[in-house]
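Reading through the structure tokens given below for one structure.
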Amino acid sequence: CEESFGLRVTICLLKRCVHVNSANTSRASMKNLSSIRQLTSVLYRAYCTQPSLSSAEFLAFGLRVGVIRSVEKHPEAEKLYIEKIDVGEIDEEGNSVARTIVSGLADHYGSEELCGRKVAVVCDALKPKKLRGVKSDGMILCATDESGTNESKRKVELVEPPSSSTPGEKLVLEGTTPDTVPEQIGAKAKQKLFLAQSYSVNGNGEFLVNGVPVVPLTAQNMRCLAANLRGVPVS
């Protein structure tokens, strides 16, 4: 379409600008060039390289609203937290069962900052994995800014669902109808499909997948947001 063509031209010009100027630039402008590279990468991956993703396929990834119930330092890794997260799951007796997720948030949030926070959790797309001896069953989504200099830490912010959302509520592509059934996808194919998509926040801090907003299923006028970061990848 015309809009897509215009975006592709813009990306090509950005790439050419970075290529021409990066060989002869001052340190003061390197951060700006890094930001341009990052924005170009986000735009290119979001609009020019991604396969189409249906609402049913996205539902199979199992993105849900989670609430962090507890946080503790990983005993074998100072940069890792072990979180217990309520994603709306219950046992046979109807008791709430929290998922254990290991995340690299210790450099970016204090444990007291995380307890009680609502987060966007990938529940079904990734195989459980042991991280330094602790099994992690899911992933917390965060916006990440890699444009800092070597002396500064990268910036990481939680992607936070609306305050009115509840634990276990489905997060879907905007426009998904309540009767949409998740696509039946094998575990390996599902993980591959999940990793092939582009995840980012836009200029308003809204969480997007391939340029489409991710929203609560029952409140699609609401948005999942990063607090301050803009135009950066989500992982």
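Chain lettering (A, B, ...) mirrors the order of the structure tokens, residue numbering begins at 1 for each chain separately, and ligand numbering begins at 1 in order of display.
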7 Å contact set for range 114-127 of chain A, only C-alpha atoms, chain neighbours under 4 positions out, as number ranges by chain: A: 60-71, 109-110, 138-141, 158-161, 190-191, 194
Contacts of Ser235 in chain A at 8 Å (only C-alpha atoms; same-chain gap of 5+ positions) as a list in words: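 Once the nearby chain positions are removed, what remains is Leu141, Cys142, Ala143, Thr144 and Tyr199 of chain A.
When CA of Glu89 in chain A is paired with CA of Thr166 in chain A, their separation reads 12.0 Å.
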Using only C-alpha atoms: which of A:Leu105, A:Val181, A:Val201, A:Ile82 has the shortest distance to Gly133 in chain A: A:Ile82
Proximity to Ala106 in chain A - best of A:Glu83, A:Glu206, A:Glu93, A:Glu183, only C-alpha atoms: A:Glu83
Exercise: Leu80 in chain A partners within 9 Å, only C-alpha atoms, chain neighbours under 6 positions left out, as number ranges by chain: A: 72-74, 102-107, 131
CA of Ser52 in chain A to CA of Asn210 in chain A, straight-line distance in Å: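 Atom-to-atom, CA of Asn210 in chain A and CA of Ser52 in chain A are spaced 8.3 Å apart.
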Picked from range 116-224 of chain A by DSSP as helix (DSSP H, G or I), as a list in words: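 After running DSSP on the backbone, range 116-224 of chain A has helix (DSSP H, G or I) at Ala187, Lys188, Ala189, Lys190, Gln191, Lys192, Leu193, Phe194 and Leu195 of chain A.
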Given the selection you just returned, output its residues as a file containing C-alpha atoms, formatted as a PDB file, in the first residue's frame.
```pdb
ATOM      1  CA  ALA A 187       5.135 -26.505  20.980  1.00  0.00           C
ATOM      2  CA  LYS A 188       8.212 -26.151  18.759  1.00  0.00           C
ATOM      3  CA  ALA A 189       6.323 -24.421  15.945  1.00  0.00           C
ATOM      4  CA  LYS A 190       4.629 -22.109  18.450  1.00  0.00           C
ATOM      5  CA  GLN A 191       7.922 -21.009  19.992  1.00  0.00           C
ATOM      6  CA  LYS A 192       9.418 -20.438  16.541  1.00  0.00           C
ATOM      7  CA  LEU A 193       6.394 -18.389  15.476  1.00  0.00           C
ATOM      8  CA  PHE A 194       6.481 -16.352  18.682  1.00  0.00           C
ATOM      9  CA  LEU A 195      10.174 -15.512  18.285  1.00  0.00           C
TER      10      LEU A 195
END
```
Would you pick out the contacts of Ser54 in chain A at 10 Å or less, using only C-alpha atoms, so that residues sharing its chain but fewer than 4 positions from it are not included, and give the list as an mmCIF file with all heavy atoms, in the first residue's frame?
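Contents of out.cif, as written:
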```
data_model
loop_
_atom_site.group_PDB
_atom_site.id
_atom_site.type_symbol
_atom_site.label_atom_id
_atom_site.label_comp_id
_atom_site.auth_asym_id
_atom_site.auth_seq_id
_atom_site.Cartn_x
_atom_site.Cartn_y
_atom_site.Cartn_z
ATOM 1 N N PHE A 58 -1.987 -15.593 17.644
ATOM 2 C CA PHE A 58 -1.498 -14.807 18.769
ATOM 3 C C PHE A 58 -2.095 -15.309 20.089
ATOM 4 O O PHE A 58 -1.401 -15.362 21.110
ATOM 5 C CB PHE A 58 -1.816 -13.331 18.570
ATOM 6 C CG PHE A 58 -1.229 -12.443 19.637
ATOM 7 C CD1 PHE A 58 0.113 -12.112 19.619
ATOM 8 C CD2 PHE A 58 -2.017 -11.965 20.675
ATOM 9 C CE1 PHE A 58 0.664 -11.312 20.614
ATOM 10 C CE2 PHE A 58 -1.479 -11.174 21.668
ATOM 11 C CZ PHE A 58 -0.130 -10.840 21.632
ATOM 12 N N LEU A 59 -3.360 -15.685 20.078
ATOM 13 C CA LEU A 59 -4.001 -16.223 21.280
ATOM 14 C C LEU A 59 -3.266 -17.459 21.781
ATOM 15 O O LEU A 59 -3.212 -17.707 22.997
ATOM 16 C CB LEU A 59 -5.458 -16.563 21.000
ATOM 17 C CG LEU A 59 -6.503 -15.472 21.250
ATOM 18 C CD1 LEU A 59 -7.875 -15.987 20.842
ATOM 19 C CD2 LEU A 59 -6.520 -15.034 22.700
ATOM 20 N N LEU A 173 -4.487 -9.249 20.250
ATOM 21 C CA LEU A 173 -4.334 -8.228 19.218
ATOM 22 C C LEU A 173 -5.637 -7.444 19.112
ATOM 23 O O LEU A 173 -6.725 -8.020 19.175
ATOM 24 C CB LEU A 173 -4.006 -8.864 17.869
ATOM 25 C CG LEU A 173 -2.674 -9.612 17.766
ATOM 26 C CD1 LEU A 173 -2.523 -10.218 16.376
ATOM 27 C CD2 LEU A 173 -1.495 -8.692 18.082
ATOM 28 N N THR A 176 -9.531 -8.543 18.122
ATOM 29 C CA THR A 176 -9.864 -9.949 18.372
ATOM 30 C C THR A 176 -11.246 -10.047 19.013
ATOM 31 O O THR A 176 -11.552 -9.313 19.951
ATOM 32 C CB THR A 176 -8.825 -10.595 19.313
ATOM 33 O OG1 THR A 176 -7.531 -10.511 18.710
ATOM 34 C CG2 THR A 176 -9.162 -12.059 19.589
ATOM 35 N N PRO A 182 -8.067 -20.146 20.124
ATOM 36 C CA PRO A 182 -6.618 -20.205 19.869
ATOM 37 C C PRO A 182 -6.263 -21.259 18.823
ATOM 38 O O PRO A 182 -6.831 -22.356 18.817
ATOM 39 C CB PRO A 182 -6.030 -20.566 21.234
ATOM 40 C CG PRO A 182 -7.052 -20.122 22.221
ATOM 41 C CD PRO A 182 -8.379 -20.326 21.547
ATOM 42 N N GLU A 183 -5.362 -20.931 17.940
ATOM 43 C CA GLU A 183 -4.875 -21.874 16.929
ATOM 44 C C GLU A 183 -4.155 -23.028 17.617
ATOM 45 O O GLU A 183 -3.424 -22.840 18.579
ATOM 46 C CB GLU A 183 -3.910 -21.152 15.985
ATOM 47 C CG GLU A 183 -3.481 -21.962 14.789
ATOM 48 C CD GLU A 183 -4.515 -21.943 13.677
ATOM 49 O OE1 GLU A 183 -5.386 -21.060 13.677
ATOM 50 O OE2 GLU A 183 -4.430 -22.828 12.817
#
```
